file entry.cif (mmCIF, N, CA, C and O atoms)
data_protein
loop_
_atom_site.label_atom_id
_atom_site.label_comp_id
_atom_site.auth_asym_id
_atom_site.auth_seq_id
_atom_site.Cartn_x
_atom_site.Cartn_y
_atom_site.Cartn_z
N ASP O 1 170.51 -92.61 106.11
CA ASP O 1 171.95 -92.84 106.04
C ASP O 1 172.48 -92.92 107.46
O ASP O 1 172.78 -91.91 108.08
N THR O 2 172.59 -94.14 107.99
CA THR O 2 172.99 -94.34 109.37
C THR O 2 174.51 -94.50 109.51
O THR O 2 175.20 -94.83 108.56
N TYR O 3 174.98 -94.25 110.73
CA TYR O 3 176.37 -94.50 111.08
C TYR O 3 176.38 -95.23 112.41
O TYR O 3 175.73 -94.79 113.37
N LEU O 4 177.08 -96.36 112.49
CA LEU O 4 177.19 -97.14 113.72
C LEU O 4 178.59 -96.99 114.30
O LEU O 4 179.58 -97.03 113.57
N SER O 5 178.64 -96.83 115.62
CA SER O 5 179.92 -96.79 116.33
C SER O 5 179.84 -97.75 117.51
O SER O 5 178.90 -97.69 118.30
N LEU O 6 180.82 -98.63 117.61
CA LEU O 6 180.86 -99.60 118.71
C LEU O 6 181.96 -99.19 119.68
O LEU O 6 183.09 -98.92 119.26
N TYR O 7 181.60 -99.16 120.97
CA TYR O 7 182.53 -98.80 122.03
C TYR O 7 182.61 -99.93 123.04
O TYR O 7 181.62 -100.61 123.28
N GLU O 8 183.78 -100.12 123.64
CA GLU O 8 183.93 -101.10 124.70
C GLU O 8 184.03 -100.36 126.02
O GLU O 8 184.73 -99.37 126.13
N THR O 9 183.31 -100.80 127.00
CA THR O 9 183.24 -100.28 128.36
C THR O 9 182.25 -99.13 128.47
O THR O 9 181.29 -99.23 129.20
N ALA O 10 182.46 -98.03 127.75
CA ALA O 10 181.57 -96.86 127.88
C ALA O 10 181.72 -95.96 126.66
O ALA O 10 182.68 -96.06 125.91
N PHE O 11 180.74 -95.07 126.50
CA PHE O 11 180.78 -94.05 125.45
C PHE O 11 180.71 -92.68 126.11
O PHE O 11 179.85 -92.42 126.94
N ASN O 12 181.64 -91.81 125.75
CA ASN O 12 181.66 -90.45 126.26
C ASN O 12 181.55 -89.50 125.07
O ASN O 12 182.50 -89.36 124.30
N PRO O 13 180.39 -88.82 124.91
CA PRO O 13 180.23 -87.93 123.75
C PRO O 13 181.25 -86.79 123.71
O PRO O 13 181.54 -86.27 122.64
N ALA O 14 181.81 -86.42 124.85
CA ALA O 14 182.82 -85.37 124.88
C ALA O 14 184.18 -85.87 124.40
O ALA O 14 185.06 -85.06 124.08
N SER O 15 184.34 -87.19 124.35
CA SER O 15 185.60 -87.79 123.90
C SER O 15 185.29 -89.03 123.06
O SER O 15 185.54 -90.16 123.48
N PRO O 16 184.72 -88.84 121.85
CA PRO O 16 184.24 -89.97 121.06
C PRO O 16 185.32 -90.96 120.59
O PRO O 16 184.99 -92.07 120.19
N ALA O 17 186.58 -90.60 120.67
CA ALA O 17 187.64 -91.55 120.29
C ALA O 17 187.99 -92.51 121.42
O ALA O 17 188.56 -93.57 121.18
N SER O 18 187.61 -92.15 122.66
CA SER O 18 187.91 -93.01 123.80
C SER O 18 187.05 -94.27 123.74
O SER O 18 185.84 -94.20 123.52
N ASN O 19 187.67 -95.40 123.91
CA ASN O 19 187.00 -96.71 123.93
C ASN O 19 186.40 -97.12 122.59
O ASN O 19 185.66 -98.11 122.52
N PHE O 20 186.69 -96.38 121.53
CA PHE O 20 186.15 -96.71 120.21
C PHE O 20 186.75 -98.02 119.71
O PHE O 20 187.96 -98.22 119.76
N VAL O 21 185.88 -98.91 119.23
CA VAL O 21 186.33 -100.20 118.73
C VAL O 21 186.23 -100.25 117.21
O VAL O 21 187.17 -100.61 116.52
N ARG O 22 185.07 -99.87 116.69
CA ARG O 22 184.83 -100.00 115.25
C ARG O 22 183.64 -99.13 114.87
O ARG O 22 182.72 -98.96 115.65
N GLY O 23 183.65 -98.64 113.63
CA GLY O 23 182.53 -97.85 113.12
C GLY O 23 182.25 -98.21 111.68
O GLY O 23 183.08 -98.82 111.00
N ASP O 24 181.04 -97.87 111.22
CA ASP O 24 180.69 -98.16 109.83
C ASP O 24 179.65 -97.17 109.34
O ASP O 24 178.74 -96.79 110.06
N ASP O 25 179.78 -96.79 108.08
CA ASP O 25 178.84 -95.88 107.44
C ASP O 25 177.99 -96.61 106.40
O ASP O 25 176.79 -96.67 106.54
N ASP O 26 178.58 -97.16 105.38
CA ASP O 26 177.81 -97.66 104.24
C ASP O 26 178.10 -99.10 103.83
O ASP O 26 177.95 -99.46 102.67
N SER O 27 178.49 -99.98 104.75
CA SER O 27 178.77 -101.37 104.37
C SER O 27 177.52 -102.19 104.12
O SER O 27 177.58 -103.27 103.55
N GLY O 28 176.36 -101.70 104.56
CA GLY O 28 175.10 -102.40 104.33
C GLY O 28 174.52 -102.05 102.98
O GLY O 28 175.16 -101.42 102.13
N THR O 29 173.27 -102.43 102.76
CA THR O 29 172.57 -102.14 101.52
C THR O 29 172.34 -100.64 101.36
O THR O 29 171.94 -99.97 102.31
N GLY O 30 172.60 -100.11 100.19
CA GLY O 30 172.38 -98.68 99.94
C GLY O 30 173.25 -97.83 100.84
O GLY O 30 174.46 -98.00 100.90
N LEU O 31 172.62 -96.93 101.57
CA LEU O 31 173.35 -96.06 102.49
C LEU O 31 173.30 -96.55 103.93
O LEU O 31 173.58 -95.81 104.87
N LEU O 32 172.91 -97.82 104.12
CA LEU O 32 172.78 -98.36 105.47
C LEU O 32 174.12 -98.85 105.99
O LEU O 32 174.96 -99.34 105.25
N SER O 33 174.29 -98.72 107.30
CA SER O 33 175.52 -99.19 107.93
C SER O 33 175.38 -100.66 108.31
O SER O 33 174.28 -101.19 108.48
N ARG O 34 176.52 -101.31 108.42
CA ARG O 34 176.57 -102.72 108.83
C ARG O 34 177.87 -102.92 109.58
O ARG O 34 178.94 -102.56 109.10
N LEU O 35 177.76 -103.48 110.76
CA LEU O 35 178.92 -103.64 111.61
C LEU O 35 179.08 -105.10 111.99
O LEU O 35 178.13 -105.74 112.42
N THR O 36 180.28 -105.63 111.82
CA THR O 36 180.59 -107.00 112.22
C THR O 36 181.75 -106.96 113.20
O THR O 36 182.79 -106.35 112.91
N HIS O 37 181.54 -107.58 114.36
CA HIS O 37 182.60 -107.61 115.37
C HIS O 37 182.34 -108.77 116.32
O HIS O 37 181.20 -109.01 116.70
N SER O 38 183.36 -109.50 116.69
CA SER O 38 183.23 -110.57 117.67
C SER O 38 183.26 -109.96 119.07
O SER O 38 184.23 -109.28 119.42
N LEU O 39 182.21 -110.20 119.84
CA LEU O 39 182.12 -109.67 121.20
C LEU O 39 182.69 -110.68 122.18
O LEU O 39 182.56 -111.88 122.00
N THR O 40 183.32 -110.17 123.24
CA THR O 40 183.89 -111.01 124.27
C THR O 40 182.92 -111.09 125.44
O THR O 40 182.48 -110.06 125.96
N ALA O 41 182.58 -112.31 125.84
CA ALA O 41 181.67 -112.52 126.97
C ALA O 41 182.21 -111.82 128.21
O ALA O 41 183.41 -111.84 128.48
N GLY O 42 181.33 -111.17 128.96
CA GLY O 42 181.71 -110.49 130.18
C GLY O 42 182.10 -109.04 129.99
O GLY O 42 182.18 -108.29 130.96
N ASN O 43 182.35 -108.62 128.76
CA ASN O 43 182.69 -107.22 128.49
C ASN O 43 181.42 -106.42 128.21
O ASN O 43 180.44 -106.95 127.72
N THR O 44 181.47 -105.13 128.49
CA THR O 44 180.35 -104.22 128.21
C THR O 44 180.64 -103.49 126.91
O THR O 44 181.74 -102.98 126.71
N TYR O 45 179.63 -103.46 126.04
CA TYR O 45 179.74 -102.75 124.76
C TYR O 45 178.60 -101.75 124.65
O TYR O 45 177.51 -102.00 125.13
N VAL O 46 178.88 -100.64 123.98
CA VAL O 46 177.88 -99.62 123.71
C VAL O 46 177.84 -99.42 122.21
O VAL O 46 178.88 -99.15 121.59
N LEU O 47 176.65 -99.54 121.63
CA LEU O 47 176.47 -99.29 120.20
C LEU O 47 175.75 -97.97 120.04
O LEU O 47 174.64 -97.79 120.53
N VAL O 48 176.40 -97.03 119.37
CA VAL O 48 175.82 -95.71 119.13
C VAL O 48 175.33 -95.68 117.69
O VAL O 48 176.09 -95.97 116.76
N VAL O 49 174.06 -95.35 117.52
CA VAL O 49 173.45 -95.23 116.19
C VAL O 49 173.20 -93.75 115.93
O VAL O 49 172.58 -93.08 116.73
N ALA O 50 173.72 -93.27 114.82
CA ALA O 50 173.56 -91.85 114.49
C ALA O 50 173.28 -91.71 113.00
O ALA O 50 173.48 -92.64 112.23
N SER O 51 172.85 -90.53 112.63
CA SER O 51 172.70 -90.20 111.21
C SER O 51 174.05 -89.70 110.71
O SER O 51 174.81 -89.08 111.45
N PHE O 52 174.34 -89.98 109.46
CA PHE O 52 175.58 -89.46 108.88
C PHE O 52 175.54 -87.94 108.84
O PHE O 52 176.55 -87.28 109.02
N TYR O 53 174.35 -87.38 108.65
CA TYR O 53 174.18 -85.92 108.55
C TYR O 53 173.74 -85.34 109.89
O TYR O 53 172.94 -85.95 110.60
N PRO O 54 174.23 -84.18 110.27
CA PRO O 54 173.85 -83.58 111.55
C PRO O 54 172.37 -83.17 111.56
O PRO O 54 171.79 -82.84 110.52
N ASN O 55 171.78 -83.22 112.76
CA ASN O 55 170.41 -82.76 113.00
C ASN O 55 169.36 -83.54 112.22
O ASN O 55 168.27 -83.02 111.96
N VAL O 56 169.64 -84.77 111.82
CA VAL O 56 168.67 -85.62 111.14
C VAL O 56 168.29 -86.73 112.11
O VAL O 56 169.15 -87.39 112.68
N THR O 57 166.99 -86.91 112.32
CA THR O 57 166.50 -87.95 113.22
C THR O 57 165.49 -88.83 112.50
O THR O 57 165.00 -88.47 111.43
N GLY O 58 165.18 -89.95 113.09
CA GLY O 58 164.19 -90.85 112.51
C GLY O 58 164.22 -92.19 113.20
O GLY O 58 165.03 -92.44 114.09
N SER O 59 163.33 -93.06 112.80
CA SER O 59 163.25 -94.40 113.37
C SER O 59 164.29 -95.30 112.75
O SER O 59 164.74 -95.08 111.62
N PHE O 60 164.68 -96.33 113.49
CA PHE O 60 165.62 -97.31 112.97
C PHE O 60 165.35 -98.65 113.64
O PHE O 60 164.73 -98.73 114.70
N ILE O 61 165.83 -99.71 113.03
CA ILE O 61 165.72 -101.06 113.59
C ILE O 61 167.12 -101.65 113.63
O ILE O 61 167.86 -101.59 112.64
N LEU O 62 167.49 -102.22 114.77
CA LEU O 62 168.76 -102.93 114.90
C LEU O 62 168.48 -104.41 114.74
O LEU O 62 167.58 -104.95 115.35
N GLN O 63 169.26 -105.07 113.90
CA GLN O 63 169.13 -106.50 113.71
C GLN O 63 170.46 -107.17 114.00
O GLN O 63 171.52 -106.63 113.67
N THR O 64 170.41 -108.36 114.62
CA THR O 64 171.62 -109.14 114.85
C THR O 64 171.41 -110.54 114.28
O THR O 64 170.27 -110.99 114.15
N ASN O 65 172.50 -111.19 113.95
CA ASN O 65 172.37 -112.56 113.45
C ASN O 65 172.70 -113.58 114.53
O ASN O 65 172.69 -114.76 114.28
N VAL O 66 173.02 -113.10 115.74
CA VAL O 66 173.23 -113.97 116.90
C VAL O 66 172.62 -113.28 118.12
O VAL O 66 172.44 -112.06 118.11
N PRO O 67 172.28 -114.03 119.17
CA PRO O 67 171.75 -113.38 120.38
C PRO O 67 172.77 -112.39 120.95
O PRO O 67 173.96 -112.68 120.99
N VAL O 68 172.29 -111.24 121.37
CA VAL O 68 173.17 -110.21 121.92
C VAL O 68 173.30 -110.36 123.43
O VAL O 68 174.35 -110.12 123.99
N PHE O 69 172.22 -110.77 124.09
CA PHE O 69 172.22 -110.92 125.54
C PHE O 69 172.15 -112.39 125.91
O PHE O 69 171.55 -113.18 125.21
N GLU O 70 172.74 -112.75 127.04
CA GLU O 70 172.59 -114.10 127.55
C GLU O 70 171.14 -114.32 127.91
O GLU O 70 170.41 -113.39 128.24
N GLN O 71 170.68 -115.56 127.85
CA GLN O 71 169.30 -115.87 128.19
C GLN O 71 168.98 -115.35 129.59
O GLN O 71 169.71 -115.62 130.54
N GLY O 72 167.92 -114.57 129.69
CA GLY O 72 167.49 -114.03 130.97
C GLY O 72 168.19 -112.74 131.36
O GLY O 72 167.78 -112.08 132.29
N ALA O 73 169.26 -112.37 130.66
CA ALA O 73 169.96 -111.12 130.97
C ALA O 73 169.19 -109.95 130.41
O ALA O 73 168.41 -110.09 129.48
N ALA O 74 169.35 -108.80 130.98
CA ALA O 74 168.64 -107.61 130.51
C ALA O 74 169.53 -106.40 130.62
O ALA O 74 170.50 -106.38 131.36
N SER O 75 169.20 -105.39 129.86
CA SER O 75 169.93 -104.13 129.87
C SER O 75 168.94 -103.01 129.65
O SER O 75 167.84 -103.23 129.17
N SER O 76 169.32 -101.80 129.99
CA SER O 76 168.41 -100.68 129.80
C SER O 76 169.09 -99.59 129.00
O SER O 76 170.27 -99.34 129.15
N VAL O 77 168.34 -98.99 128.08
CA VAL O 77 168.83 -97.91 127.24
C VAL O 77 167.80 -96.80 127.26
O VAL O 77 166.66 -97.02 126.88
N ASP O 78 168.18 -95.63 127.71
CA ASP O 78 167.27 -94.48 127.80
C ASP O 78 165.94 -94.88 128.44
O ASP O 78 164.87 -94.49 127.98
N GLY O 79 166.00 -95.69 129.48
CA GLY O 79 164.79 -96.07 130.19
C GLY O 79 164.02 -97.21 129.56
O GLY O 79 163.04 -97.67 130.11
N LEU O 80 164.43 -97.69 128.38
CA LEU O 80 163.77 -98.82 127.74
C LEU O 80 164.51 -100.09 128.10
O LEU O 80 165.73 -100.17 127.95
N LEU O 81 163.79 -101.08 128.58
CA LEU O 81 164.40 -102.33 128.96
C LEU O 81 164.60 -103.20 127.73
O LEU O 81 163.67 -103.44 126.96
N LEU O 82 165.82 -103.65 127.51
CA LEU O 82 166.14 -104.56 126.42
C LEU O 82 166.50 -105.90 127.02
O LEU O 82 167.23 -105.98 127.99
N SER O 83 166.00 -106.96 126.43
CA SER O 83 166.37 -108.30 126.90
C SER O 83 166.43 -109.22 125.70
O SER O 83 166.14 -108.83 124.58
N SER O 84 166.78 -110.47 125.95
CA SER O 84 166.89 -111.42 124.85
C SER O 84 165.54 -111.74 124.22
O SER O 84 165.48 -112.35 123.19
N THR O 85 164.45 -111.32 124.85
CA THR O 85 163.11 -111.61 124.30
C THR O 85 162.42 -110.35 123.77
O THR O 85 161.31 -110.42 123.30
N THR O 86 163.08 -109.21 123.86
CA THR O 86 162.48 -107.95 123.42
C THR O 86 162.97 -107.60 122.01
O THR O 86 164.16 -107.63 121.76
N PRO O 87 162.05 -107.29 121.08
CA PRO O 87 162.53 -106.83 119.77
C PRO O 87 163.20 -105.47 119.91
O PRO O 87 162.76 -104.62 120.66
N TYR O 88 164.29 -105.28 119.21
CA TYR O 88 165.07 -104.03 119.30
C TYR O 88 164.63 -103.11 118.18
O TYR O 88 165.06 -103.24 117.06
N MET O 89 163.74 -102.19 118.50
CA MET O 89 163.24 -101.24 117.48
C MET O 89 163.34 -99.83 117.99
O MET O 89 163.32 -99.56 119.12
#

call {"tool": "encode", "arguments": {"input": "entry.cif", "output": "structure tokens"}}
result
Amino acid sequence: DTYLSLYETAFNPASPASNFVRGDDDSGTGLLSRLTHSLTAGNTYVLVVASFYPNVTGSFILQTNVPVFEQGAASSVDGLLLSSTTPYM
């Protein structure tokens, strides 16, 4: 049971309402979350994936129906390099 939160510019866990754009709990299949939002080129977005229940962890896969990064662009999350050619798992 995932929960997605989208932030613009930055995410601050001490102030989770700051920069909050949109969130979703169960719009996907079953208890899965699904988030739809038009992103603006040049802006920075942070997607936070969490469990609906506290202290629950596990694997997840993020899927998009459009490219998230510009061709050749890259980003890093917790030391993992993400790019337009890297599967997001």

call {"tool": "resolve_selection", "arguments": {"input": "entry.cif", "expression": "the PyMOL selection byres ((chain O and resi 54-61) around 8)", "output": "list of chain:residue names"}}
result
O:Asp1, O:Ser33, O:Val49, O:Ala50, O:Ser51, O:Phe52, O:Tyr53, O:Leu62, O:Gln63, O:Thr64, O:Tyr88, O:Met89

call {"tool": "closest_residue", "arguments": {"input": "entry.cif", "among": "O:Thr2, O:Ser18, O:Asn12, O:Asn43", "to": "O:Gly30", "atoms": "only C-alpha atoms"}}
result
O:Thr2

call {"tool": "resolve_selection", "arguments": {"input": "entry.cif", "expression": "the PyMOL selection byres (((chain O and resi 38 and name CA) around 12) and name CA)", "output": "list in words"}}
result
Leu6, Glu8, Val21, Arg22, Leu35, Thr36, His37, Leu39, Thr40, Ala41, Asn43, Tyr45, Asn65, Val66 and Val68 of chain O

call {"tool": "write_last_selection", "arguments": {"input": "entry.cif", "atoms": "N, CA, C and O atoms", "output": "PDB file, in the frame of the given file"}}
result
ATOM      1  N   LEU O   6     180.820 -98.630 117.610  1.00  0.00           N
ATOM      2  CA  LEU O   6     180.860 -99.600 118.710  1.00  0.00           C
ATOM      3  C   LEU O   6     181.960 -99.190 119.680  1.00  0.00           C
ATOM      4  O   LEU O   6     183.090 -98.920 119.260  1.00  0.00           O
ATOM      5  N   GLU O   8     183.780-100.120 123.640  1.00  0.00           N
ATOM      6  CA  GLU O   8     183.930-101.100 124.700  1.00  0.00           C
ATOM      7  C   GLU O   8     184.030-100.360 126.020  1.00  0.00           C
ATOM      8  O   GLU O   8     184.730 -99.370 126.130  1.00  0.00           O
ATOM      9  N   VAL O  21     185.880 -98.910 119.230  1.00  0.00           N
ATOM     10  CA  VAL O  21     186.330-100.200 118.730  1.00  0.00           C
ATOM     11  C   VAL O  21     186.230-100.250 117.210  1.00  0.00           C
ATOM     12  O   VAL O  21     187.170-100.610 116.520  1.00  0.00           O
ATOM     13  N   ARG O  22     185.070 -99.870 116.690  1.00  0.00           N
ATOM     14  CA  ARG O  22     184.830-100.000 115.250  1.00  0.00           C
ATOM     15  C   ARG O  22     183.640 -99.130 114.870  1.00  0.00           C
ATOM     16  O   ARG O  22     182.720 -98.960 115.650  1.00  0.00           O
ATOM     17  N   LEU O  35     177.760-103.480 110.760  1.00  0.00           N
ATOM     18  CA  LEU O  35     178.920-103.640 111.610  1.00  0.00           C
ATOM     19  C   LEU O  35     179.080-105.100 111.990  1.00  0.00           C
ATOM     20  O   LEU O  35     178.130-105.740 112.420  1.00  0.00           O
ATOM     21  N   THR O  36     180.280-105.630 111.820  1.00  0.00           N
ATOM     22  CA  THR O  36     180.590-107.000 112.220  1.00  0.00           C
ATOM     23  C   THR O  36     181.750-106.960 113.200  1.00  0.00           C
ATOM     24  O   THR O  36     182.790-106.350 112.910  1.00  0.00           O
ATOM     25  N   HIS O  37     181.540-107.580 114.360  1.00  0.00           N
ATOM     26  CA  HIS O  37     182.600-107.610 115.370  1.00  0.00           C
ATOM     27  C   HIS O  37     182.340-108.770 116.320  1.00  0.00           C
ATOM     28  O   HIS O  37     181.200-109.010 116.700  1.00  0.00           O
ATOM     29  N   LEU O  39     182.210-110.200 119.840  1.00  0.00           N
ATOM     30  CA  LEU O  39     182.120-109.670 121.200  1.00  0.00           C
ATOM     31  C   LEU O  39     182.690-110.680 122.180  1.00  0.00           C
ATOM     32  O   LEU O  39     182.560-111.880 122.000  1.00  0.00           O
ATOM     33  N   THR O  40     183.320-110.170 123.240  1.00  0.00           N
ATOM     34  CA  THR O  40     183.890-111.010 124.270  1.00  0.00           C
ATOM     35  C   THR O  40     182.920-111.090 125.440  1.00  0.00           C
ATOM     36  O   THR O  40     182.480-110.060 125.960  1.00  0.00           O
ATOM     37  N   ALA O  41     182.580-112.310 125.840  1.00  0.00           N
ATOM     38  CA  ALA O  41     181.670-112.520 126.970  1.00  0.00           C
ATOM     39  C   ALA O  41     182.210-111.820 128.210  1.00  0.00           C
ATOM     40  O   ALA O  41     183.410-111.840 128.480  1.00  0.00           O
ATOM     41  N   ASN O  43     182.350-108.620 128.760  1.00  0.00           N
ATOM     42  CA  ASN O  43     182.690-107.220 128.490  1.00  0.00           C
ATOM     43  C   ASN O  43     181.420-106.420 128.210  1.00  0.00           C
ATOM     44  O   ASN O  43     180.440-106.950 127.720  1.00  0.00           O
ATOM     45  N   TYR O  45     179.630-103.460 126.040  1.00  0.00           N
ATOM     46  CA  TYR O  45     179.740-102.750 124.760  1.00  0.00           C
ATOM     47  C   TYR O  45     178.600-101.750 124.650  1.00  0.00           C
ATOM     48  O   TYR O  45     177.510-102.000 125.130  1.00  0.00           O
ATOM     49  N   ASN O  65     172.500-111.190 113.950  1.00  0.00           N
ATOM     50  CA  ASN O  65     172.370-112.560 113.450  1.00  0.00           C
ATOM     51  C   ASN O  65     172.700-113.580 114.530  1.00  0.00           C
ATOM     52  O   ASN O  65     172.690-114.760 114.280  1.00  0.00           O
ATOM     53  N   VAL O  66     173.020-113.100 115.740  1.00  0.00           N
ATOM     54  CA  VAL O  66     173.230-113.970 116.900  1.00  0.00           C
ATOM     55  C   VAL O  66     172.620-113.280 118.120  1.00  0.00           C
ATOM     56  O   VAL O  66     172.440-112.060 118.110  1.00  0.00           O
ATOM     57  N   VAL O  68     172.290-111.240 121.370  1.00  0.00           N
ATOM     58  CA  VAL O  68     173.170-110.210 121.920  1.00  0.00           C
ATOM     59  C   VAL O  68     173.300-110.360 123.430  1.00  0.00           C
ATOM     60  O   VAL O  68     174.350-110.120 123.990  1.00  0.00           O
TER      61      VAL O  68
END

call {"tool": "atom_distance", "arguments": {"input": "entry.cif", "atom1": "atom CA of O:Leu31", "atom2": "atom N of O:Thr44"}}
result
28.7 Å

call {"tool": "atom_distance", "arguments": {"input": "entry.cif", "atom1": "atom N of O:Thr9", "atom2": "atom N of O:Leu47"}}
result
8.6 Å

call {"tool": "atom_distance", "arguments": {"input": "entry.cif", "atom1": "atom C of O:Gly42", "atom2": "atom N of O:Asp26"}}
result
27.6 Å

call {"tool": "residues_around", "arguments": {"input": "entry.cif", "residues": "O:Arg34", "least_positions_apart": "6", "cutoff": "6 Å", "atoms": "all atoms listed in the file", "output": "PDB file with N, CA, C and O atoms, keeping the file's coordinate frame"}}
result
ATOM      1  N   GLY O  23     183.650 -98.640 113.630  1.00  0.00           N
ATOM      2  CA  GLY O  23     182.530 -97.850 113.120  1.00  0.00           C
ATOM      3  C   GLY O  23     182.250 -98.210 111.680  1.00  0.00           C
ATOM      4  O   GLY O  23     183.080 -98.820 111.000  1.00  0.00           O
ATOM      5  N   ASP O  24     181.040 -97.870 111.220  1.00  0.00           N
ATOM      6  CA  ASP O  24     180.690 -98.160 109.830  1.00  0.00           C
ATOM      7  C   ASP O  24     179.650 -97.170 109.340  1.00  0.00           C
ATOM      8  O   ASP O  24     178.740 -96.790 110.060  1.00  0.00           O
ATOM      9  N   ASP O  25     179.780 -96.790 108.080  1.00  0.00           N
ATOM     10  CA  ASP O  25     178.840 -95.880 107.440  1.00  0.00           C
ATOM     11  C   ASP O  25     177.990 -96.610 106.400  1.00  0.00           C
ATOM     12  O   ASP O  25     176.790 -96.670 106.540  1.00  0.00           O
ATOM     13  N   ASP O  26     178.580 -97.160 105.380  1.00  0.00           N
ATOM     14  CA  ASP O  26     177.810 -97.660 104.240  1.00  0.00           C
ATOM     15  C   ASP O  26     178.100 -99.100 103.830  1.00  0.00           C
ATOM     16  O   ASP O  26     177.950 -99.460 102.670  1.00  0.00           O
ATOM     17  N   SER O  27     178.490 -99.980 104.750  1.00  0.00           N
ATOM     18  CA  SER O  27     178.770-101.370 104.370  1.00  0.00           C
ATOM     19  C   SER O  27     177.520-102.190 104.120  1.00  0.00           C
ATOM     20  O   SER O  27     177.580-103.270 103.550  1.00  0.00           O
ATOM     21  N   GLY O  28     176.360-101.700 104.560  1.00  0.00           N
ATOM     22  CA  GLY O  28     175.100-102.400 104.330  1.00  0.00           C
ATOM     23  C   GLY O  28     174.520-102.050 102.980  1.00  0.00           C
ATOM     24  O   GLY O  28     175.160-101.420 102.130  1.00  0.00           O
TER      25      GLY O  28
END
